[in-house]
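Trainee: Next comes the structure file start.txt, holding compact mmCIF, C-alpha atoms.
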# COMPACT_ATOMS: atom_id res chain seq x y z
CA MET L 65 12.32 -11.81 -0.51
CA ASN L 66 15.56 -13.76 -0.81
CA THR L 67 15.13 -13.67 -4.59
CA VAL L 68 14.73 -9.90 -4.46
CA LEU L 69 17.91 -9.60 -2.40
CA THR L 70 19.83 -11.84 -4.80
CA GLN L 71 18.71 -9.75 -7.78
CA GLU L 72 19.74 -6.55 -6.01
CA VAL L 73 23.18 -7.97 -5.22
CA ILE L 74 23.68 -9.02 -8.85
CA ARG L 75 22.77 -5.54 -10.10
CA PHE L 76 25.06 -3.80 -7.62
CA ASN L 77 27.92 -6.19 -8.37
CA ASN L 78 27.60 -5.55 -12.10
CA MET L 79 27.74 -1.81 -11.50
CA LEU L 80 30.69 -2.03 -9.09
CA ARG L 81 32.57 -4.23 -11.55
CA VAL L 82 32.32 -1.50 -14.20
CA VAL L 83 33.33 1.23 -11.72
CA ASN L 84 36.38 -0.70 -10.49
CA SER L 85 37.60 -1.75 -13.93
CA THR L 86 37.27 1.73 -15.46
CA LEU L 87 39.05 3.38 -12.53
CA LYS L 88 41.93 0.92 -12.79
CA ASN L 89 42.23 1.50 -16.54
CA LEU L 90 42.05 5.26 -16.06
CA LEU L 91 44.91 5.13 -13.56
CA LYS L 92 46.97 3.07 -16.02
CA ALA L 93 46.19 5.55 -18.80
CA VAL L 94 47.29 8.49 -16.65
CA LYS L 95 50.57 6.68 -15.95
CA GLY L 96 51.02 5.98 -19.66
CA ILE L 97 50.80 2.21 -19.32
CA VAL L 98 47.79 1.95 -21.67
CA ALA L 99 46.38 4.28 -24.31
CA MET L 100 43.91 6.94 -23.20
CA SER L 101 40.73 5.95 -25.00
CA GLY L 102 37.77 8.23 -25.59
CA GLU L 103 35.79 6.45 -22.87
CA LEU L 104 38.58 6.84 -20.31
CA ASP L 105 39.01 10.49 -21.24
CA ALA L 106 35.27 11.05 -20.74
CA ILE L 107 35.44 9.36 -17.34
CA GLY L 108 38.39 11.50 -16.27
CA THR L 109 36.62 14.69 -17.40
CA ALA L 110 33.46 13.72 -15.51
CA LEU L 111 35.41 13.03 -12.33
CA PHE L 112 37.14 16.40 -12.63
CA ASN L 113 33.76 18.11 -13.03
CA ASN L 114 32.20 16.24 -10.07
CA ALA L 115 29.80 14.44 -12.38
CA VAL L 116 28.88 10.77 -12.61
CA PRO L 117 30.57 9.26 -15.71
CA GLY L 118 28.16 8.10 -18.38
CA SER L 119 29.57 4.57 -18.40
CA TRP L 120 28.79 4.32 -14.67
CA ALA L 121 25.33 5.86 -14.95
CA SER L 122 24.36 3.43 -17.70
CA LYS L 123 24.91 0.53 -15.29
CA ALA L 124 23.56 2.30 -12.20
CA TYR L 125 20.16 3.17 -10.78
CA PRO L 126 18.48 6.48 -11.83
CA SER L 127 20.01 9.42 -9.99
CA LEU L 128 20.38 13.17 -10.49
CA LYS L 129 23.06 13.64 -7.83
CA PRO L 130 26.52 14.99 -8.64
CA LEU L 131 29.48 12.68 -8.07
CA ALA L 132 30.24 13.40 -4.39
CA PRO L 133 26.71 12.86 -3.00
CA TRP L 134 26.23 10.03 -5.53
CA LEU L 135 29.13 8.14 -3.96
CA ILE L 136 27.79 8.78 -0.46
CA ASP L 137 24.39 7.51 -1.59
CA LEU L 138 26.00 4.44 -3.16
CA GLU L 139 27.82 3.66 0.08
CA MET L 140 24.53 3.93 2.00
CA ARG L 141 22.82 1.59 -0.47
CA LEU L 142 25.60 -0.99 -0.18
CA ASP L 143 25.46 -0.73 3.61
CA PHE L 144 21.69 -1.34 3.49
CA VAL L 145 22.17 -4.47 1.36
CA ASN L 146 25.05 -5.76 3.50
CA LYS L 147 23.04 -5.39 6.70
CA TRP L 148 20.19 -7.27 5.03
CA ILE L 149 22.59 -10.09 4.15
CA ASN L 150 24.33 -10.24 7.52
CA ASP L 151 21.46 -9.50 9.92
CA GLY L 152 18.47 -10.88 8.02
CA HIS L 153 15.33 -9.10 6.92
CA PRO L 154 15.07 -5.59 8.41
CA ASN L 155 12.00 -4.41 10.30
CA CYS L 156 11.50 -1.69 7.69
CA TYR L 157 12.98 -1.22 4.24
CA TRP L 158 14.69 1.79 2.72
CA ILE L 159 12.68 2.04 -0.50
CA SER L 160 15.19 4.53 -1.92
CA GLY L 161 18.00 1.99 -1.59
CA PHE L 162 16.60 -0.50 -4.08
CA PHE L 163 17.99 -0.81 -7.57
CA PHE L 164 14.59 -2.00 -8.82
CA PRO L 165 11.75 -1.22 -6.33
CA PRO L 166 8.94 -2.91 -8.38
CA ALA L 167 10.58 -6.32 -7.79
CA PHE L 168 10.59 -5.66 -4.05
CA LEU L 169 6.90 -4.65 -4.06
CA THR L 170 5.94 -7.70 -6.13
CA GLY L 171 7.91 -9.93 -3.76
CA ALA L 172 5.96 -8.59 -0.78
CA LEU L 173 2.67 -9.35 -2.53
CA GLN L 174 3.86 -12.83 -3.50
CA ASN L 175 4.82 -13.66 0.08
CA PHE L 176 1.34 -12.76 1.32
CA ALA L 177 -0.39 -14.58 -1.54
CA ARG L 178 1.60 -17.79 -1.00
CA LYS L 179 1.14 -17.64 2.76
CA ASN L 180 -2.65 -17.51 2.43
CA GLN L 181 -3.04 -19.42 -0.86
CA TYR L 182 -4.48 -16.38 -2.64
CA ALA L 183 -4.33 -15.52 -6.31
CA ILE L 184 -1.74 -12.75 -6.49
CA ASP L 185 -3.72 -10.76 -9.06
CA ARG L 186 -6.43 -10.27 -6.39
CA VAL L 187 -4.05 -8.96 -3.76
CA SER L 188 -3.16 -5.27 -3.51
CA PHE L 189 -1.63 -2.91 -0.97
CA GLN L 190 -3.43 -0.74 1.52
CA HIS L 191 -1.23 2.23 2.37
CA VAL L 192 -1.06 2.91 6.11
CA PHE L 193 0.94 6.01 7.05
CA ARG L 194 2.74 5.32 10.34
CA ASP L 195 3.77 8.68 11.77
CA ASP L 196 3.88 7.19 15.28
CA ILE L 197 7.11 5.25 14.66
CA THR L 198 10.55 5.76 13.17
CA LYS L 199 12.81 3.41 11.25
CA ASP L 200 14.63 2.66 14.53
CA THR L 201 11.49 1.84 16.54
CA ALA L 202 9.50 0.09 13.82
CA GLU L 203 8.62 -3.57 14.28
CA ARG L 204 8.33 -6.04 11.46
CA PRO L 205 4.64 -6.45 10.51
CA ASP L 206 3.06 -9.89 10.24
CA ASP L 207 2.02 -9.15 6.66
CA GLY L 208 3.39 -6.68 4.16
CA VAL L 209 6.37 -4.39 4.53
CA THR L 210 7.11 -1.01 6.07
CA ILE L 211 9.07 1.43 3.93
CA TYR L 212 10.85 4.73 4.61
CA GLY L 213 13.14 7.23 2.91
CA MET L 214 10.61 9.10 0.79
CA PHE L 215 10.26 12.84 0.22
CA MET L 216 7.27 15.07 -0.51
CA GLU L 217 7.18 18.02 -2.89
CA ALA L 218 4.48 20.74 -2.91
CA CYS L 219 2.97 19.16 0.21
CA ARG L 220 3.93 17.85 3.63
CA TRP L 221 2.68 15.43 6.25
CA ASP L 222 0.94 17.03 9.23
CA TYR L 223 1.85 15.01 12.33
CA ASP L 224 -0.93 16.65 14.35
CA THR L 225 -3.87 16.00 12.04
CA HIS L 226 -2.28 12.92 10.40
CA LEU L 227 -3.24 14.31 7.00
CA LEU L 228 -1.60 15.80 3.95
CA ALA L 229 -1.10 19.57 4.30
CA ASP L 230 0.34 22.56 2.47
CA PRO L 231 4.13 22.86 2.79
CA ASN L 232 5.67 25.30 5.23
CA PRO L 233 6.86 28.66 3.84
CA LYS L 234 10.07 28.36 1.77
CA GLU L 235 10.01 24.58 2.15
CA LEU L 236 10.48 22.81 -1.15
CA PHE L 237 10.79 19.22 0.09
CA SER L 238 9.84 17.48 3.31
CA ASP L 239 10.37 14.01 4.72
CA ALA L 240 7.47 11.59 4.43
CA PRO L 241 6.54 9.31 7.34
CA LEU L 242 6.94 5.56 7.26
CA VAL L 243 4.35 3.71 5.21
CA TRP L 244 3.08 0.23 5.93
CA LEU L 245 2.22 -1.49 2.67
CA LYS L 246 -0.43 -3.84 4.00
CA PRO L 247 -1.52 -6.53 1.51
CA ILE L 248 -5.27 -7.08 1.34
CA TYR L 249 -7.18 -9.76 -0.55
CA GLU L 250 -9.83 -8.25 -2.82
CA ARG L 251 -9.39 -4.85 -1.22
CA THR L 252 -12.23 -2.36 -1.40
CA PRO L 253 -10.93 0.80 -3.11
CA ALA L 254 -10.43 3.76 -0.80
CA ASP L 255 -12.90 6.62 -0.86
CA PRO L 256 -11.34 9.10 -3.35
CA THR L 257 -12.62 12.04 -1.27
CA THR L 258 -10.46 11.01 1.71
CA ILE L 259 -7.14 10.44 -0.05
CA TYR L 260 -4.76 11.88 -2.59
CA GLU L 261 -3.21 9.40 -4.99
CA ALA L 262 0.35 10.69 -4.92
CA PRO L 263 2.75 9.32 -7.54
CA LEU L 264 6.05 8.04 -6.15
CA TYR L 265 9.05 8.52 -8.44
CA LYS L 266 12.66 7.43 -8.09
CA THR L 267 14.03 10.87 -9.02
CA LEU L 268 12.76 14.42 -9.43
CA VAL L 269 12.35 13.85 -13.18
CA ARG L 270 8.65 13.07 -13.42
CA ALA L 271 9.02 10.95 -16.50
CA GLY L 272 10.40 7.61 -17.52
CA THR L 273 10.41 5.01 -20.23
CA LEU L 274 9.04 1.49 -20.19
CA SER L 275 11.72 -1.10 -19.58
CA THR L 276 11.76 -4.64 -20.96
CA THR L 277 9.92 -5.80 -17.81
CA GLY L 278 6.98 -3.50 -18.57
CA HIS L 279 7.78 -1.21 -15.65
CA SER L 280 8.67 2.46 -15.83
CA THR L 281 12.32 3.38 -15.32
CA ASN L 282 11.26 6.15 -12.92
CA PHE L 283 7.69 5.68 -11.65
CA VAL L 284 7.29 3.32 -8.67
CA LEU L 285 3.64 3.32 -7.55
CA MET L 286 0.68 5.47 -6.53
CA LEU L 287 0.41 6.05 -2.78
CA GLU L 288 -2.97 6.76 -1.22
CA VAL L 289 -2.18 9.61 1.19
CA PRO L 290 -4.93 10.58 3.68
CA SER L 291 -6.25 14.08 2.92
CA ASP L 292 -9.19 16.30 3.81
CA LYS L 293 -8.93 18.23 0.55
CA PRO L 294 -10.13 17.12 -2.91
CA GLN L 295 -7.58 15.47 -5.18
CA ALA L 296 -7.82 18.38 -7.63
CA PHE L 297 -6.34 20.61 -4.91
CA TRP L 298 -3.10 18.61 -4.86
CA ILE L 299 -3.04 17.92 -8.58
CA LYS L 300 -3.04 21.66 -9.31
CA ARG L 301 -0.04 21.99 -6.99
CA ALA L 302 1.72 19.10 -8.75
CA SER L 303 2.21 17.36 -5.40
CA ALA L 304 4.25 14.19 -5.62
CA MET L 305 6.62 11.94 -3.69
CA PHE L 306 10.18 10.91 -4.50
CA CYS L 307 12.72 8.33 -3.45
CA ALA L 308 15.73 10.61 -3.95
CA LEU L 309 16.58 14.28 -4.39
CA LYS L 310 19.34 16.07 -6.28
CA TYR L 311 21.63 16.37 -3.26
Mind turning this structure into structure tokens?
Mentor:
Amino acid sequence: MNTVLTQEVIRFNNMLRVVNSTLKNLLKAVKGIVAMSGELDAIGTALFNNAVPGSWASKAYPSLKPLAPWLIDLEMRLDFVNKWINDGHPNCYWISGFFFPPAFLTGALQNFARKNQYAIDRVSFQHVFRDDITKDTAERPDDGVTIYGMFMEACRWDYDTHLLADPNPKELFSDAPLVWLKPIYERTPADPTTIYEAPLYKTLVRAGTLSTTGHSTNFVLMLEVPSDKPQAFWIKRASAMFCALKY
């Protein structure tokens, strides 16, 4: 996991370096010290319109938020990383705070595989929904990782039945419970009649492109959510889970 943390820090530092340098140059251009280039003019216009400048977005993680909540979200992400650095591994991880979640998930599988001398291609996650704990009361599991910070659309988690349920009236999004990603060696696939394979995306845009690593720029993984309804029921409702919203 230390490698995952190092990679996250490098990505955030690269983004912050671009943000700091462009803001300094924009201030100089406003004062007339340097020429106002097309890029600086575009950044100034975006800031005026409460939008994330394109030069920042190109170096940042996927996000649909306007500038003000984007900055708040960035501060929360940096705080998450700093606490990880200063206090050690957290008991549960904010999946929405990662620049590149697939690296984090692969790191969790690698830790389990190395610990037990298993071939990593035979290890996969069992998804255990922990609605009996919160991020403040969660304890670090012996194997795997516990994640939080996800949202559900066109469905909700029923804390009484511990199953997926229809959303409440006029409720577009709802908070998902914590999920323990429990690594299992040669796991037996779950009964498809008892789960819904919900796709987890980084943003509300349910599409992405393949990056150079072979991973999608938006899709994270399929989560097996306990359900007493057939999968077709949720598919017709376009039920899905997300790491971040528009606000």
Trainee: For a quick check of understanding, using all atoms listed in the file, which of L:Cys219, L:Pro205, L:Val192, L:His226 has the smallest distance to L:Leu242?
Mentor: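 Result for the nearest residue to L:Leu242: L:Val192.
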Trainee: What gap, in Å, lies between atom CA of L:Phe189 and atom CA of L:Lys246?
Mentor: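 A separation of 5.2 Å between them.
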Trainee: With all atoms listed in the file as the basis for distance, which of L:Thr257, L:Gln190, L:Ser275, L:Ala302 is at the shortest distance from L:Met216?
Mentor: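 Smallest separation from L:Met216 among the options: L:Ala302.
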Trainee: What's the separation between atom CA of L:Thr109 and atom CA of L:Phe163, in Å to one decimal place?
Mentor: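 Result for atom CA of L:Thr109 versus atom CA of L:Phe163: 26.2 Å, one decimal.
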Trainee: Using only C-alpha atoms, which of the listed residues (L:Asp207, L:Thr86, L:Tyr265, L:Leu287) sits closest to L:Pro165?
Mentor: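 Distance minimum relative to L:Pro165 lands on L:Tyr265.
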Trainee: One decimal, in Å: what's the spacing between atom CA of L:Asp195 and atom CA of L:Gln174?
Mentor: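 Going from atom CA of L:Asp195 over to atom CA of L:Gln174, I get 26.4 Å.
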Trainee: Could I get the residues of stretch 128-199 of chain L with an atom no further than 12 Å from an atom of stretch 248-256 of chain L, each paired with its nearest atom pair and that distance in Å to one decimal, using only C-alpha atoms, sorted by chain and residue number, as a Markdown table?
Mentor:
| residue | atom | partner | partner_atom | distance |
| --- | --- | --- | --- | --- |
| L:Ala172 | CA | L:Ile248 | CA | 11.5 |
| L:Leu173 | CA | L:Ile248 | CA | 9.1 |
| L:Gln174 | CA | L:Ile248 | CA | 11.8 |
| L:Phe176 | CA | L:Ile248 | CA | 8.7 |
| L:Ala177 | CA | L:Tyr249 | CA | 8.4 |
| L:Arg178 | CA | L:Tyr249 | CA | 11.9 |
| L:Lys179 | CA | L:Tyr249 | CA | 11.9 |
| L:Asn180 | CA | L:Tyr249 | CA | 9.5 |
| L:Gln181 | CA | L:Tyr249 | CA | 10.5 |
| L:Tyr182 | CA | L:Tyr249 | CA | 7.4 |
| L:Ala183 | CA | L:Tyr249 | CA | 8.6 |
| L:Ile184 | CA | L:Tyr249 | CA | 8.6 |
| L:Asp185 | CA | L:Glu250 | CA | 9.1 |
| L:Arg186 | CA | L:Glu250 | CA | 5.3 |
| L:Val187 | CA | L:Tyr249 | CA | 4.6 |
| L:Ser188 | CA | L:Ile248 | CA | 5.6 |
| L:Phe189 | CA | L:Ile248 | CA | 6.0 |
| L:Gln190 | CA | L:Ile248 | CA | 6.6 |
| L:His191 | CA | L:Ala254 | CA | 9.9 |
| L:Val192 | CA | L:Ala254 | CA | 11.7 |
Trainee: Write out as a compact mmCIF listing (two decimals) with C-alpha atoms, in the coordinates of the input each polymer residue whose atoms come within 8 Å of L:Pro130, counting all atoms listed in the file; drop sequence neighbours fewer than 3 positions from it.
Mentor:
# COMPACT_ATOMS: atom_id res chain seq x y z
CA ASN L 114 32.20 16.24 -10.07
CA ALA L 115 29.80 14.44 -12.38
CA VAL L 116 28.88 10.77 -12.61
CA PRO L 133 26.71 12.86 -3.00
CA TRP L 134 26.23 10.03 -5.53
CA LYS L 310 19.34 16.07 -6.28
CA TYR L 311 21.63 16.37 -3.26
Trainee: For L:Glu261, find every residue with an atom within 8 Å (counting all atoms listed in the file), except residues of its own chain fewer than 4 positions away, and show them as JSON, numbers by chain.
Mentor: {"L": [286, 287, 288, 289, 295]}
Trainee: Would you mind telling me which residue in L:Glu72, L:Lys88, L:Val243, L:Thr273 lies nearest to L:Pro290 when using all atoms listed in the file?
Mentor: L:Val243
Trainee: Of the candidates L:Asn282, L:Thr67, L:Asn232, L:Ser160, which one gets nearest to L:Asn175 if we count all atoms listed in the file?
Mentor: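 Closest to L:Asn175 of all the choices is L:Thr67.
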Trainee: With distances taken over all atoms listed in the file, which residue among L:Thr267, L:Lys293, L:Asp105, L:Ile299 lies nearest L:Leu128?
Mentor: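 Answer, going by the shortest atom-to-atom distance: L:Thr267.
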Trainee: Calculate, to one decimal in Å, the centre and edge lengths of the box along x, y and z of the file that holds all listed atoms of stretch 154-170 of chain L with 3 Å of margin on each side, and present them as JSON.
Mentor:
{"center_x": 12.0, "center_y": -1.6, "center_z": 0.7, "size_x": 18.1, "size_y": 18.2, "size_z": 25.1}
Trainee: Please provide the set of residues having any atom within 12 Å of L:Tyr157, restricted to all atoms listed in the file, with same-chain residues fewer than 3 positions apart removed, written as a ChimeraX atom specification.
Mentor: /L:65,69,141,144-145,147-148,152-154,160-162,165,168-169,172,198-200,202-205,208-214,242-245
Trainee: Those same residues - C-alpha atoms - I'd like them written as a PDB file, in the frame of the given file.
Mentor:
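This is the output file part_11.pdb:
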ATOM      1  CA  MET L  65      12.320 -11.810  -0.510  1.00  0.00           C
ATOM      2  CA  LEU L  69      17.910  -9.600  -2.400  1.00  0.00           C
ATOM      3  CA  ARG L 141      22.820   1.590  -0.470  1.00  0.00           C
ATOM      4  CA  PHE L 144      21.690  -1.340   3.490  1.00  0.00           C
ATOM      5  CA  VAL L 145      22.170  -4.470   1.360  1.00  0.00           C
ATOM      6  CA  LYS L 147      23.040  -5.390   6.700  1.00  0.00           C
ATOM      7  CA  TRP L 148      20.190  -7.270   5.030  1.00  0.00           C
ATOM      8  CA  GLY L 152      18.470 -10.880   8.020  1.00  0.00           C
ATOM      9  CA  HIS L 153      15.330  -9.100   6.920  1.00  0.00           C
ATOM     10  CA  PRO L 154      15.070  -5.590   8.410  1.00  0.00           C
ATOM     11  CA  SER L 160      15.190   4.530  -1.920  1.00  0.00           C
ATOM     12  CA  GLY L 161      18.000   1.990  -1.590  1.00  0.00           C
ATOM     13  CA  PHE L 162      16.600  -0.500  -4.080  1.00  0.00           C
ATOM     14  CA  PRO L 165      11.750  -1.220  -6.330  1.00  0.00           C
ATOM     15  CA  PHE L 168      10.590  -5.660  -4.050  1.00  0.00           C
ATOM     16  CA  LEU L 169       6.900  -4.650  -4.060  1.00  0.00           C
ATOM     17  CA  ALA L 172       5.960  -8.590  -0.780  1.00  0.00           C
ATOM     18  CA  THR L 198      10.550   5.760  13.170  1.00  0.00           C
ATOM     19  CA  LYS L 199      12.810   3.410  11.250  1.00  0.00           C
ATOM     20  CA  ASP L 200      14.630   2.660  14.530  1.00  0.00           C
ATOM     21  CA  ALA L 202       9.500   0.090  13.820  1.00  0.00           C
ATOM     22  CA  GLU L 203       8.620  -3.570  14.280  1.00  0.00           C
ATOM     23  CA  ARG L 204       8.330  -6.040  11.460  1.00  0.00           C
ATOM     24  CA  PRO L 205       4.640  -6.450  10.510  1.00  0.00           C
ATOM     25  CA  GLY L 208       3.390  -6.680   4.160  1.00  0.00           C
ATOM     26  CA  VAL L 209       6.370  -4.390   4.530  1.00  0.00           C
ATOM     27  CA  THR L 210       7.110  -1.010   6.070  1.00  0.00           C
ATOM     28  CA  ILE L 211       9.070   1.430   3.930  1.00  0.00           C
ATOM     29  CA  TYR L 212      10.850   4.730   4.610  1.00  0.00           C
ATOM     30  CA  GLY L 213      13.140   7.230   2.910  1.00  0.00           C
ATOM     31  CA  MET L 214      10.610   9.100   0.790  1.00  0.00           C
ATOM     32  CA  LEU L 242       6.940   5.560   7.260  1.00  0.00           C
ATOM     33  CA  VAL L 243       4.350   3.710   5.210  1.00  0.00           C
ATOM     34  CA  TRP L 244       3.080   0.230   5.930  1.00  0.00           C
ATOM     35  CA  LEU L 245       2.220  -1.490   2.670  1.00  0.00           C
TER      36      LEU L 245
END
Trainee: Just the residues within 10 Å of L:Ala229, please, counting all atoms listed in the file, with nothing from its chain fewer than 5 positions along; format it as a PyMOL selection string.
Mentor: chain L and resi 218-223+290-293+298
Trainee: May I have the selected residues written with C-alpha atoms, as a JSON list (two decimals), in the frame of the given file?
Mentor:
[["chain", "number", "residue", "atom", "x", "y", "z"],
["L", 218, "ALA", "CA", 4.48, 20.74, -2.91],
["L", 219, "CYS", "CA", 2.97, 19.16, 0.21],
["L", 220, "ARG", "CA", 3.93, 17.85, 3.63],
["L", 221, "TRP", "CA", 2.68, 15.43, 6.25],
["L", 222, "ASP", "CA", 0.94, 17.03, 9.23],
["L", 223, "TYR", "CA", 1.85, 15.01, 12.33],
["L", 290, "PRO", "CA", -4.93, 10.58, 3.68],
["L", 291, "SER", "CA", -6.25, 14.08, 2.92],
["L", 292, "ASP", "CA", -9.19, 16.30, 3.81],
["L", 293, "LYS", "CA", -8.93, 18.23, 0.55],
["L", 298, "TRP", "CA", -3.10, 18.61, -4.86]]
